[in-house]
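Undergrad: Just one file: start_7.txt, with compact mmCIF, C-alpha atoms and all ligand atoms.
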```txt
# COMPACT_ATOMS: atom_id res chain seq x y z
CA MET V 135 -14.18 32.16 46.00
CA HIS V 136 -11.68 29.39 46.42
CA ASP V 137 -9.19 28.28 43.80
CA GLU V 138 -11.18 25.14 43.02
CA THR V 139 -14.22 27.24 42.09
CA LEU V 140 -12.30 30.02 40.34
CA ASN V 141 -10.55 27.37 38.31
CA LEU V 142 -13.87 26.20 36.87
CA LYS V 143 -15.77 29.48 36.78
CA ALA V 144 -13.29 31.71 34.94
CA ALA V 145 -15.00 33.09 31.83
CA GLY V 146 -13.51 32.41 28.39
CA ALA V 147 -11.96 35.24 26.38
CA ASP V 148 -14.46 37.38 24.50
CA PRO V 149 -14.05 36.46 20.79
CA THR V 150 -15.20 39.89 19.58
CA GLY V 151 -12.65 41.20 17.10
CA PHE V 152 -11.38 37.74 16.26
CA ASP V 153 -12.71 36.87 12.82
CA SER V 154 -11.03 33.88 11.25
CA LEU V 155 -11.77 32.35 7.86
CA VAL V 156 -11.96 28.98 9.57
CA ILE V 157 -15.04 27.42 11.09
CA PRO V 158 -14.21 26.80 14.75
CA VAL V 159 -14.18 23.37 16.33
CA HIS V 160 -16.89 23.27 18.99
CA ARG V 161 -16.37 20.28 21.27
CA ALA V 162 -19.15 19.29 23.63
CA SER V 163 -21.17 16.51 25.06
CA THR V 164 -23.15 18.77 27.42
CA VAL V 165 -24.89 21.84 26.11
CA VAL V 166 -26.13 24.23 28.80
CA PHE V 167 -29.47 26.01 28.71
CA PRO V 168 -30.33 29.52 29.90
CA THR V 169 -33.70 28.53 31.38
CA VAL V 170 -35.58 25.53 32.70
CA ALA V 171 -38.06 25.89 29.83
CA ALA V 172 -35.25 25.72 27.28
CA TYR V 173 -33.89 22.61 29.00
CA GLN V 174 -37.30 20.98 29.00
CA GLY V 175 -37.75 21.76 25.29
CA ARG V 176 -34.38 20.32 24.30
CA ARG V 177 -35.81 17.28 22.44
CA GLU V 178 -37.24 19.60 19.81
CA ALA V 179 -33.87 21.35 19.54
CA ILE V 180 -32.20 18.34 17.92
CA TYR V 181 -33.50 19.36 14.47
CA ASP V 182 -32.50 23.01 14.25
CA GLY V 183 -30.89 23.97 17.54
CA PHE V 184 -28.55 22.27 19.97
CA SER V 185 -29.39 19.93 22.79
CA TYR V 186 -26.49 17.54 23.27
CA GLY V 187 -23.17 17.05 21.47
CA LEU V 188 -24.34 13.77 19.99
CA TYR V 189 -27.13 15.54 18.07
CA GLY V 190 -25.01 18.27 16.53
CA THR V 191 -22.54 21.07 17.22
CA PRO V 192 -22.05 24.36 15.38
CA THR V 193 -19.16 22.61 13.56
CA SER V 194 -21.23 19.66 12.35
CA ARG V 195 -24.07 22.02 11.38
CA ALA V 196 -21.67 24.16 9.35
CA LEU V 197 -20.60 21.03 7.47
CA GLU V 198 -24.24 20.01 6.93
CA ILE V 199 -25.08 23.46 5.58
CA ARG V 200 -22.16 23.33 3.13
CA ILE V 201 -23.05 19.85 1.87
CA ALA V 202 -26.72 20.82 1.48
CA LEU V 203 -25.68 23.86 -0.57
CA LEU V 204 -23.48 21.79 -2.90
CA ASP V 205 -26.17 19.12 -3.23
CA GLY V 206 -28.92 21.67 -3.96
CA ALA V 207 -30.69 20.22 -0.92
CA GLU V 208 -32.97 21.64 1.73
CA ARG V 209 -31.07 19.84 4.51
CA ALA V 210 -28.19 17.43 4.97
CA ILE V 211 -27.25 15.25 7.93
CA VAL V 212 -23.76 14.00 8.71
CA VAL V 213 -23.25 10.53 10.19
CA PRO V 214 -20.27 8.45 11.34
CA SER V 215 -19.45 6.88 7.95
CA GLY V 216 -20.60 6.50 4.37
CA PHE V 217 -21.86 3.06 5.25
CA ALA V 218 -23.75 4.50 8.24
CA ALA V 219 -25.45 6.86 5.76
CA ILE V 220 -26.58 3.87 3.69
CA VAL V 221 -27.87 2.09 6.82
CA LEU V 222 -29.68 5.21 8.08
CA THR V 223 -31.35 5.95 4.76
CA THR V 224 -32.51 2.35 4.41
CA LEU V 225 -33.84 1.96 7.96
CA ALA V 226 -35.60 5.34 7.85
CA SER V 227 -37.37 4.33 4.62
CA VAL V 228 -38.55 0.74 4.99
CA ALA V 229 -40.05 -1.46 7.68
CA ASN V 230 -40.71 -5.13 8.34
CA GLY V 231 -42.53 -6.74 5.41
CA GLN V 232 -41.13 -4.32 2.83
CA ARG V 233 -38.49 -4.77 0.17
CA VAL V 234 -35.43 -2.78 -0.96
CA LEU V 235 -33.92 -2.87 -4.45
CA PHE V 236 -30.13 -2.61 -4.74
CA PRO V 237 -28.04 -2.50 -7.92
CA ASP V 238 -26.01 -5.66 -8.49
CA ASN V 239 -22.76 -3.63 -8.36
CA ALA V 240 -23.55 -1.88 -5.07
CA TYR V 241 -20.77 -0.97 -2.64
CA ASP V 242 -19.60 -4.36 -1.41
CA PRO V 243 -20.69 -4.32 2.28
CA VAL V 244 -24.28 -3.62 1.15
CA ARG V 245 -24.80 -7.27 0.19
CA PRO V 246 -24.24 -8.80 3.65
CA PHE V 247 -26.17 -5.87 5.17
CA ALA V 248 -29.12 -6.90 3.01
CA THR V 249 -28.87 -10.66 3.37
CA GLN V 250 -27.78 -10.87 7.02
CA PHE V 251 -29.10 -7.74 8.73
CA LEU V 252 -32.16 -6.49 6.82
CA ALA V 253 -33.38 -10.08 6.41
CA ARG V 254 -33.40 -10.51 10.21
CA LEU V 255 -35.68 -7.46 10.45
CA GLY V 256 -38.07 -8.99 7.92
CA ILE V 257 -36.96 -6.58 5.19
CA ARG V 258 -36.40 -8.33 1.87
CA SER V 259 -33.90 -7.31 -0.80
CA THR V 260 -33.66 -7.72 -4.55
CA PHE V 261 -30.46 -7.09 -6.47
CA TYR V 262 -31.08 -5.80 -10.00
CA ASP V 263 -29.19 -5.18 -13.23
CA PRO V 264 -27.69 -1.68 -12.85
CA LEU V 265 -28.38 -1.05 -16.56
CA ILE V 266 -32.08 -1.91 -16.17
CA GLY V 267 -33.28 1.71 -16.65
CA ALA V 268 -37.06 2.02 -17.04
CA GLY V 269 -37.25 -1.78 -16.94
CA VAL V 270 -37.03 -1.49 -13.15
CA ALA V 271 -40.82 -1.03 -13.27
CA ALA V 272 -41.17 -4.81 -13.60
CA LEU V 273 -39.48 -5.24 -10.19
CA LEU V 274 -41.59 -2.67 -8.36
CA SER V 275 -43.96 -5.00 -6.53
CA ASP V 276 -46.29 -3.53 -3.89
CA ASP V 277 -43.89 -4.36 -1.06
CA VAL V 278 -41.01 -2.24 -2.46
CA GLY V 279 -40.34 0.78 -0.25
CA LEU V 280 -36.97 1.98 -1.49
CA VAL V 281 -34.86 1.75 -4.63
CA TRP V 282 -31.12 2.32 -4.33
CA VAL V 283 -29.01 3.51 -7.24
CA GLU V 284 -25.23 3.81 -7.27
CA SER V 285 -23.80 5.42 -10.35
CA PRO V 286 -21.23 4.59 -11.49
CA GLY V 287 -21.43 1.36 -9.51
CA SER V 288 -18.59 0.20 -7.31
CA VAL V 289 -15.67 -1.42 -9.13
CA THR V 290 -17.43 -2.22 -12.44
CA MET V 291 -18.48 1.41 -13.03
CA GLU V 292 -21.76 0.99 -14.94
CA VAL V 293 -23.59 4.35 -15.20
CA GLN V 294 -27.29 4.07 -14.47
CA ASP V 295 -30.28 5.76 -16.14
CA ILE V 296 -31.27 7.45 -12.88
CA PRO V 297 -34.06 9.69 -14.27
CA ALA V 298 -35.78 6.62 -15.79
CA ILE V 299 -35.49 4.68 -12.53
CA VAL V 300 -36.80 7.66 -10.52
CA GLU V 301 -39.75 8.05 -12.87
CA ALA V 302 -40.73 4.39 -12.54
CA ALA V 303 -40.34 4.42 -8.74
CA HIS V 304 -42.17 7.69 -8.16
CA ALA V 305 -45.06 6.51 -10.35
CA LYS V 306 -45.66 3.97 -7.58
CA GLY V 307 -44.88 6.33 -4.70
CA ILE V 308 -41.55 4.59 -3.98
CA LEU V 309 -38.56 6.53 -2.64
CA VAL V 310 -35.19 6.52 -4.43
CA ALA V 311 -31.77 6.85 -2.76
CA ALA V 312 -28.51 7.44 -4.63
CA ASP V 313 -25.02 6.58 -3.45
CA ASN V 314 -23.24 9.54 -5.07
CA THR V 315 -19.81 8.94 -3.55
CA TRP V 316 -17.90 8.61 -6.84
CA ALA V 317 -19.30 11.75 -8.48
CA THR V 318 -19.64 13.97 -5.39
CA PRO V 319 -22.19 16.82 -5.61
CA LEU V 320 -19.71 18.63 -7.89
CA ARG V 321 -20.12 16.16 -10.76
CA PHE V 322 -23.69 14.97 -10.31
CA LYS V 323 -26.63 16.33 -8.35
CA PRO V 324 -29.03 13.47 -7.60
CA LEU V 325 -31.79 15.63 -6.08
CA ALA V 326 -32.01 17.69 -9.28
CA ARG V 327 -32.79 14.41 -11.10
CA GLY V 328 -35.61 13.59 -8.72
CA VAL V 329 -33.74 11.34 -6.29
CA ASP V 330 -35.07 11.59 -2.71
CA PHE V 331 -31.87 10.84 -0.75
CA SER V 332 -28.38 11.80 -1.94
CA VAL V 333 -25.78 9.83 0.00
CA CYS V 334 -22.07 10.55 -0.05
CA ALA V 335 -19.18 8.94 1.79
CA LEU V 336 -17.25 11.99 2.98
CA SER V 337 -14.35 9.62 3.72
CA LYS V 338 -13.49 9.70 0.00
CA HIS V 339 -13.21 12.81 -2.19
CA LEU V 340 -14.85 15.32 0.15
CA SER V 341 -12.48 14.96 3.07
CA GLY V 342 -9.88 14.02 0.49
CA HIS V 343 -6.84 13.20 2.62
CA SER V 344 -7.44 9.58 3.70
CA ASP V 345 -7.72 10.50 7.37
CA VAL V 346 -11.44 10.82 8.15
CA VAL V 347 -14.39 8.44 8.10
CA MET V 348 -17.77 10.16 7.73
CA GLY V 349 -20.90 10.17 5.58
CA ALA V 350 -23.79 12.46 4.67
CA VAL V 351 -27.35 12.25 3.42
CA SER V 352 -28.99 15.22 1.67
CA VAL V 353 -32.74 15.59 1.18
CA GLY V 354 -35.09 18.04 -0.49
CA ASP V 355 -37.58 18.60 2.32
CA GLN V 356 -37.79 19.12 6.06
CA ALA V 357 -40.05 16.11 6.69
CA LEU V 358 -37.47 13.69 5.30
CA TYR V 359 -34.74 15.49 7.23
CA ARG V 360 -36.67 15.12 10.50
CA ARG V 361 -37.19 11.44 9.78
CA LEU V 362 -33.47 10.97 9.19
CA LYS V 363 -32.62 12.94 12.33
CA ASP V 364 -35.00 10.79 14.40
CA PHE V 365 -33.52 7.56 13.06
CA SER V 366 -30.00 8.88 13.50
CA ARG V 367 -30.92 9.35 17.19
CA PHE V 368 -32.41 5.85 17.43
CA LEU V 369 -29.17 4.44 16.03
CA GLY V 370 -27.05 6.50 18.41
CA TYR V 371 -25.11 8.17 15.59
CA GLY V 372 -22.91 11.17 16.23
CA VAL V 373 -19.84 12.74 14.64
CA SER V 374 -16.73 14.34 16.07
CA PRO V 375 -16.41 18.11 15.57
CA ASP V 376 -12.68 17.62 14.95
CA ASP V 377 -13.49 15.27 12.08
CA CYS V 378 -16.07 17.74 10.73
CA SER V 379 -13.39 20.40 10.76
CA LEU V 380 -11.13 18.15 8.68
CA VAL V 381 -13.92 17.58 6.14
CA LEU V 382 -14.60 21.34 5.98
CA ARG V 383 -10.92 21.90 5.26
CA GLY V 384 -10.95 19.20 2.59
CA LEU V 385 -14.00 20.76 0.94
CA ASP V 386 -12.11 24.02 0.38
CA THR V 387 -9.88 22.29 -2.17
CA LEU V 388 -12.39 19.74 -3.52
CA PRO V 389 -12.85 21.44 -6.93
CA VAL V 390 -9.13 21.63 -7.70
CA ARG V 391 -8.44 18.12 -6.42
CA LEU V 392 -11.29 16.71 -8.52
CA ASN V 393 -10.16 18.57 -11.62
CA GLN V 394 -6.58 17.34 -11.30
CA GLY V 395 -7.65 13.75 -10.56
CA GLU V 396 -10.03 13.83 -13.53
CA THR V 397 -7.38 15.04 -15.97
CA ASN V 398 -4.74 12.59 -14.75
CA ALA V 399 -7.14 9.64 -14.64
CA LEU V 400 -8.40 10.21 -18.19
CA LYS V 401 -4.85 10.23 -19.57
CA LEU V 402 -4.00 7.01 -17.74
CA ALA V 403 -7.30 5.34 -18.70
CA VAL V 404 -6.70 6.03 -22.40
CA TRP V 405 -3.11 4.81 -22.14
CA LEU V 406 -4.14 1.63 -20.29
CA GLN V 407 -6.76 0.87 -22.96
CA ARG V 408 -3.93 0.36 -25.45
CA GLN V 409 -1.97 -2.17 -23.38
CA SER V 410 -2.05 -5.83 -24.44
CA TYR V 411 -2.69 -7.13 -20.91
CA VAL V 412 -5.79 -4.93 -20.51
CA ARG V 413 -9.08 -6.39 -21.58
CA GLU V 414 -11.20 -3.33 -20.84
CA VAL V 415 -10.95 -0.04 -18.98
CA ARG V 416 -14.04 0.93 -17.02
CA HIS V 417 -14.21 4.71 -16.78
CA PRO V 418 -17.54 6.56 -17.19
CA ALA V 419 -16.05 9.10 -19.61
CA LEU V 420 -14.93 6.42 -22.11
CA ASP V 421 -17.37 5.70 -24.98
CA SER V 422 -17.01 1.99 -24.29
CA ASN V 423 -18.12 2.21 -20.64
CA PRO V 424 -21.54 0.67 -19.98
CA GLY V 425 -24.04 3.52 -19.58
CA HIS V 426 -21.59 6.12 -20.95
CA GLU V 427 -24.53 7.91 -22.63
CA HIS V 428 -26.14 8.47 -19.21
CA TRP V 429 -22.90 9.87 -17.85
CA ARG V 430 -22.70 12.25 -20.83
CA ARG V 431 -26.29 13.38 -20.31
CA ASP V 432 -26.39 13.68 -16.50
CA PHE V 433 -22.88 14.34 -15.15
CA SER V 434 -20.75 17.47 -15.45
CA GLY V 435 -17.47 15.57 -15.42
CA SER V 436 -15.59 12.63 -14.02
CA THR V 437 -13.24 12.01 -11.10
CA GLY V 438 -9.98 10.18 -10.54
CA VAL V 439 -11.34 6.70 -9.84
CA PHE V 440 -11.67 3.99 -12.49
CA SER V 441 -11.18 0.26 -12.96
CA VAL V 442 -9.24 -2.00 -15.28
CA LEU V 443 -10.32 -5.49 -16.33
CA PHE V 444 -7.23 -7.59 -17.05
CA GLU V 445 -6.86 -10.45 -19.48
CA ASP V 446 -7.24 -13.84 -17.79
CA TRP V 447 -3.63 -14.78 -18.47
CA THR V 448 -2.34 -11.98 -16.25
CA ARG V 449 -3.78 -13.64 -13.14
CA THR V 450 -0.61 -15.43 -12.06
CA ARG V 451 1.54 -12.30 -12.24
CA LEU V 452 -0.87 -9.49 -11.32
CA ALA V 453 -0.03 -9.49 -7.60
CA GLU V 454 3.66 -9.20 -8.46
CA ALA V 455 2.91 -6.40 -10.92
CA VAL V 456 0.86 -4.44 -8.39
CA GLU V 457 3.46 -4.92 -5.65
CA GLY V 458 6.06 -3.60 -8.07
CA LEU V 459 4.31 -0.24 -8.34
CA GLU V 460 6.12 2.46 -6.44
CA LEU V 461 3.67 5.36 -6.58
CA PHE V 462 0.46 3.38 -6.08
CA ALA V 463 -0.10 2.15 -2.53
CA ILE V 464 -2.23 -0.97 -2.17
CA GLY V 465 -5.36 -0.05 -0.29
CA ALA V 466 -9.12 0.16 -0.19
CA SER V 467 -10.97 3.45 0.05
CA TRP V 468 -9.99 6.19 -2.41
CA GLY V 469 -10.34 9.86 -3.24
CA GLY V 470 -7.24 11.04 -1.38
CA THR V 471 -4.15 12.91 -2.53
CA HIS V 472 -2.04 9.73 -2.91
CA SER V 473 -2.67 7.30 -5.76
CA LEU V 474 -4.04 3.93 -4.69
CA VAL V 475 -4.59 0.54 -6.27
CA ALA V 476 -7.12 -2.04 -5.11
CA ILE V 477 -6.80 -5.51 -6.59
CA PHE V 478 -9.58 -8.03 -7.19
CA ASP V 479 -8.69 -11.57 -8.07
CA ARG V 480 -12.17 -11.84 -9.59
CA PRO V 481 -14.91 -9.24 -10.02
CA PRO V 482 -17.04 -8.79 -6.88
CA LEU V 483 -19.97 -11.18 -6.42
CA ARG V 484 -23.07 -10.58 -8.52
CA SER V 485 -26.39 -12.34 -8.32
CA ALA V 486 -28.58 -10.67 -10.96
CA THR V 487 -26.23 -10.14 -13.90
CA ASP V 488 -23.23 -11.71 -15.56
CA LEU V 489 -20.30 -9.36 -16.08
CA GLY V 490 -18.96 -11.58 -18.84
CA HIS V 491 -15.51 -11.30 -17.30
CA ASP V 492 -14.03 -13.62 -14.74
CA GLY V 493 -10.48 -12.35 -14.91
CA PRO V 494 -8.70 -10.16 -12.38
CA MET V 495 -9.34 -6.45 -11.98
CA ILE V 496 -7.83 -3.42 -10.35
CA ARG V 497 -9.39 -0.15 -9.28
CA LEU V 498 -7.17 2.90 -9.41
CA SER V 499 -7.64 6.08 -7.43
CA ILE V 500 -5.51 8.72 -9.08
CA GLY V 501 -3.97 11.24 -6.72
CA LEU V 502 -2.11 14.47 -7.23
CA GLU V 503 1.28 13.09 -8.29
CA HIS V 504 2.45 14.15 -11.79
CA VAL V 505 0.69 12.08 -14.42
CA GLU V 506 3.91 11.29 -16.31
CA ASP V 507 5.38 9.74 -13.19
CA LEU V 508 2.22 7.72 -12.62
CA GLN V 509 2.22 6.43 -16.21
CA ALA V 510 5.91 5.53 -15.99
CA ASP V 511 5.22 3.67 -12.76
CA LEU V 512 2.37 1.66 -14.30
CA ALA V 513 4.56 0.90 -17.31
CA GLN V 514 7.44 -0.37 -15.17
CA GLY V 515 5.18 -2.35 -12.82
CA PHE V 516 3.18 -3.99 -15.58
CA ALA V 517 6.31 -4.77 -17.61
CA VAL V 518 6.26 -8.13 -15.79
CA PHE V 519 3.58 -9.18 -18.29
CA GLU V 520 5.99 -8.86 -21.21
CA GLY V 521 6.76 -12.31 -22.44
CA SER V 522 4.03 -13.95 -20.37
CA GLN V 523 1.27 -13.26 -22.89
CA PRO V 524 0.13 -16.55 -24.53
CA ALA V 525 1.74 -16.65 -27.98
CA HIS V 526 -1.44 -17.56 -29.84
CA THR V 527 -3.20 -14.38 -28.76
CA PHE V 528 -0.59 -12.13 -30.37
CA GLY V 529 -2.20 -10.07 -33.08
CA ALA V 530 -5.52 -11.90 -32.78
CA PRO V 531 -8.58 -9.70 -33.17
CA ARG V 532 -9.78 -9.16 -29.62
CA ALA V 533 -13.45 -10.11 -29.69
CA SER V 534 -13.28 -12.68 -32.50
CA GLY V 535 -15.15 -15.85 -31.61
CA GLN V 536 -13.22 -18.04 -34.07
CA GLU V 537 -9.73 -19.44 -34.08
C1 LIG V 601 -16.41 3.93 0.61
C2 LIG V 601 -17.80 3.89 0.11
C3 LIG V 601 -18.89 3.87 0.98
C4 LIG V 601 -18.71 3.79 2.47
O1 LIG V 601 -18.05 4.86 3.03
P1 LIG V 601 -17.30 4.70 4.45
O2 LIG V 601 -17.23 6.10 4.93
O3 LIG V 601 -16.00 4.06 4.17
O4 LIG V 601 -18.21 3.85 5.30
C5 LIG V 601 -20.15 3.86 0.45
N1 LIG V 601 -20.35 3.87 -0.88
C6 LIG V 601 -19.34 3.88 -1.75
C7 LIG V 601 -19.63 3.91 -3.20
C8 LIG V 601 -18.03 3.89 -1.29
O5 LIG V 601 -17.03 3.87 -2.16
```
So, in terms of structure tokens, how does the structure I just supplied come out?
Ligand SMILES: *Cc1c(COP(=O)(O)O)cnc(C)c1O

TA:
Amino acid sequence: MHDETLNLKAAGADPTGFDSLVIPVHRASTVVFPTVAAYQGRREAIYDGFSYGLYGTPTSRALEIRIALLDGAERAIVVPSGFAAIVLTTLASVANGQRVLFPDNAYDPVRPFATQFLARLGIRSTFYDPLIGAGVAALLSDDVGLVWVESPGSVTMEVQDIPAIVEAAHAKGILVAADNTWATPLRFKPLARGVDFSVCALSKHLSGHSDVVMGAVSVGDQALYRRLKDFSRFLGYGVSPDDCSLVLRGLDTLPVRLNQGETNALKLAVWLQRQSYVREVRHPALDSNPGHEHWRRDFSGSTGVFSVLFEDWTRTRLAEAVEGLELFAIGASWGGTHSLVAIFDRPPLRSATDLGHDGPMIRLSIGLEHVEDLQADLAQGFAVFEGSQPAHTFGAPRASGQE
């Protein structure tokens, strides 16, 4: 044979005797088949076998198997982002003429997805009070095809009564999907509480190093999995095996990262609660957090992400305070090794409920720095508020309605 042919035909090294602890990265668009019959049957191979890189590689399957195990699921599917997982779950569940219920504190991009994208497809949306519990039954009209829960909800951190919502939805044959990104399958297992779809943004805690964007959906039966796989194909979704490898690596340390973030975050949350510029700390493990009793009943712990509602009078100096922090980078996303702060001039838009707070907020993602350094940094950054507190509020009982 000529060099050109030898160059392409040389066999790879036999991997026998090479056992690594690491799941290999299998890159491919094309998958080759041993027979014509196998090639002709490749459509069926998208569910459990391999047909084309877009529909799965041994690396993406290994990640799906691991997520399914942690979620107590029959199957999981990985998709290009957490948001893609929300889109996939929704489109695989409802059609033109149907309605989706979303909690009022849903992950922010969900609202324009509902009002601008689903609406164009003739799919209606209703935003509901995240603390509605069994009362959701009153919203379950005949056109409802899917109920989303997100607990705790983005930014305002209300913990939902998921079993009560599932019971009401299932009584009418309606599917329930949970955005479980905050808790991860290590702190809450939605499928064990009857939820049909457990969605997690792997971009956050699971990958854990702020360098991957990916999402997953876990389900309890093969039929739902096949439906998700079909719709994932219709949407043209695929994931990079290199990215899957990064998530697999992140998963190895997920328990220790979560434990450390949880411990650090709780200390900082309790400390922040005592500061004069703080109106309220939203952290599921605090007694005062809305729905705390549901967290206590359903979750096995907390994570490193929580929010702080600031007194109105801090508004003019909050940006300066946040920019003065040295250990907290300003950024969206969360769940990585570095502490982050996201700032909200006002709480995110709501349409179904009134938060009763119009002041500024921050969301903190606590990383793996030493907690004493983090507390000292918050103390020095927020020292700008000293002297700017309105004099008449000094010593006034906080919730008193009278002057
Ligand atoms: C970040 C996030 C998502 C979206 O994940 P991406 O991978 O960034 O698309 C979905 N839900 C929640 C609660 C999130 O925080």

Undergrad: Given a cut-off of 9 Å, what residues near ligand LIG 601 (chain V) show up using all atoms listed in the file, put as a ChimeraX atom specification?

TA: /V:214-220,240-244,284-289,313-316,333-338,346-349,466-468

Undergrad: Kindly export the residues of the current selection with C-alpha atoms, as a PDB file, keeping the file's coordinate frame.

TA:
```
ATOM      1  CA  PRO V 214     -20.270   8.450  11.340  1.00  0.00           C
ATOM      2  CA  SER V 215     -19.450   6.880   7.950  1.00  0.00           C
ATOM      3  CA  GLY V 216     -20.600   6.500   4.370  1.00  0.00           C
ATOM      4  CA  PHE V 217     -21.860   3.060   5.250  1.00  0.00           C
ATOM      5  CA  ALA V 218     -23.750   4.500   8.240  1.00  0.00           C
ATOM      6  CA  ALA V 219     -25.450   6.860   5.760  1.00  0.00           C
ATOM      7  CA  ILE V 220     -26.580   3.870   3.690  1.00  0.00           C
ATOM      8  CA  ALA V 240     -23.550  -1.880  -5.070  1.00  0.00           C
ATOM      9  CA  TYR V 241     -20.770  -0.970  -2.640  1.00  0.00           C
ATOM     10  CA  ASP V 242     -19.600  -4.360  -1.410  1.00  0.00           C
ATOM     11  CA  PRO V 243     -20.690  -4.320   2.280  1.00  0.00           C
ATOM     12  CA  VAL V 244     -24.280  -3.620   1.150  1.00  0.00           C
ATOM     13  CA  GLU V 284     -25.230   3.810  -7.270  1.00  0.00           C
ATOM     14  CA  SER V 285     -23.800   5.420 -10.350  1.00  0.00           C
ATOM     15  CA  PRO V 286     -21.230   4.590 -11.490  1.00  0.00           C
ATOM     16  CA  GLY V 287     -21.430   1.360  -9.510  1.00  0.00           C
ATOM     17  CA  SER V 288     -18.590   0.200  -7.310  1.00  0.00           C
ATOM     18  CA  VAL V 289     -15.670  -1.420  -9.130  1.00  0.00           C
ATOM     19  CA  ASP V 313     -25.020   6.580  -3.450  1.00  0.00           C
ATOM     20  CA  ASN V 314     -23.240   9.540  -5.070  1.00  0.00           C
ATOM     21  CA  THR V 315     -19.810   8.940  -3.550  1.00  0.00           C
ATOM     22  CA  TRP V 316     -17.900   8.610  -6.840  1.00  0.00           C
ATOM     23  CA  VAL V 333     -25.780   9.830   0.000  1.00  0.00           C
ATOM     24  CA  CYS V 334     -22.070  10.550  -0.050  1.00  0.00           C
ATOM     25  CA  ALA V 335     -19.180   8.940   1.790  1.00  0.00           C
ATOM     26  CA  LEU V 336     -17.250  11.990   2.980  1.00  0.00           C
ATOM     27  CA  SER V 337     -14.350   9.620   3.720  1.00  0.00           C
ATOM     28  CA  LYS V 338     -13.490   9.700   0.000  1.00  0.00           C
ATOM     29  CA  VAL V 346     -11.440  10.820   8.150  1.00  0.00           C
ATOM     30  CA  VAL V 347     -14.390   8.440   8.100  1.00  0.00           C
ATOM     31  CA  MET V 348     -17.770  10.160   7.730  1.00  0.00           C
ATOM     32  CA  GLY V 349     -20.900  10.170   5.580  1.00  0.00           C
ATOM     33  CA  ALA V 466      -9.120   0.160  -0.190  1.00  0.00           C
ATOM     34  CA  SER V 467     -10.970   3.450   0.050  1.00  0.00           C
ATOM     35  CA  TRP V 468      -9.990   6.190  -2.410  1.00  0.00           C
TER      36      TRP V 468
END
```

Undergrad: Starting from 5 Å padding per side, set up an axis-aligned box that covers all listed atoms of range 390-405 of chain V and hand over centre and edge lengths in Å, one decimal, as JSON.

TA:
```
{"center_x": -7.2, "center_y": 13.2, "center_z": -14.4, "size_x": 18.2, "size_y": 26.8, "size_z": 26.0}
```

Undergrad: What does the structure give for the distance between CA of Thr164 in chain V and CA of Asp355 in chain V, in Å to one decimal?

TA: 29.0 Å

Undergrad: Can you tell me how far CA of Val404 in chain V sits from CA of Leu498 in chain V, in Å to one decimal?

TA: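 A separation of 13.4 Å between them.
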
Undergrad: How many Å separate CA of Asp376 in chain V from CA of Arg161 in chain V?

TA: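 Going from CA of Asp376 in chain V over to CA of Arg161 in chain V covers 7.8 Å.
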
Undergrad: For Arg383 in chain V, which of V:Ser259, V:Gln514, V:Gln232, V:Ser341 is the closest residue, counting all atoms listed in the file?

TA: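 Result for the nearest residue to Arg383 in chain V: V:Ser341.
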
Undergrad: I'd like to know which of V:Asn398, V:Trp429, V:Ala350, V:Pro168 is closest to Ile199 in chain V, using all atoms listed in the file.

TA: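 Selected residue with least distance to Ile199 in chain V: V:Ala350.
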
Undergrad: Taking 2 positions as the minimum chain separation for residues in the same chain, which residues sit within 12 Å of Pro264 in chain V when counting all atoms listed in the file? Answer as a PyMOL selection string.

TA: chain V and resi 235-240+260-262+266-270+281-288+290-296+298-299+424-425+484-489
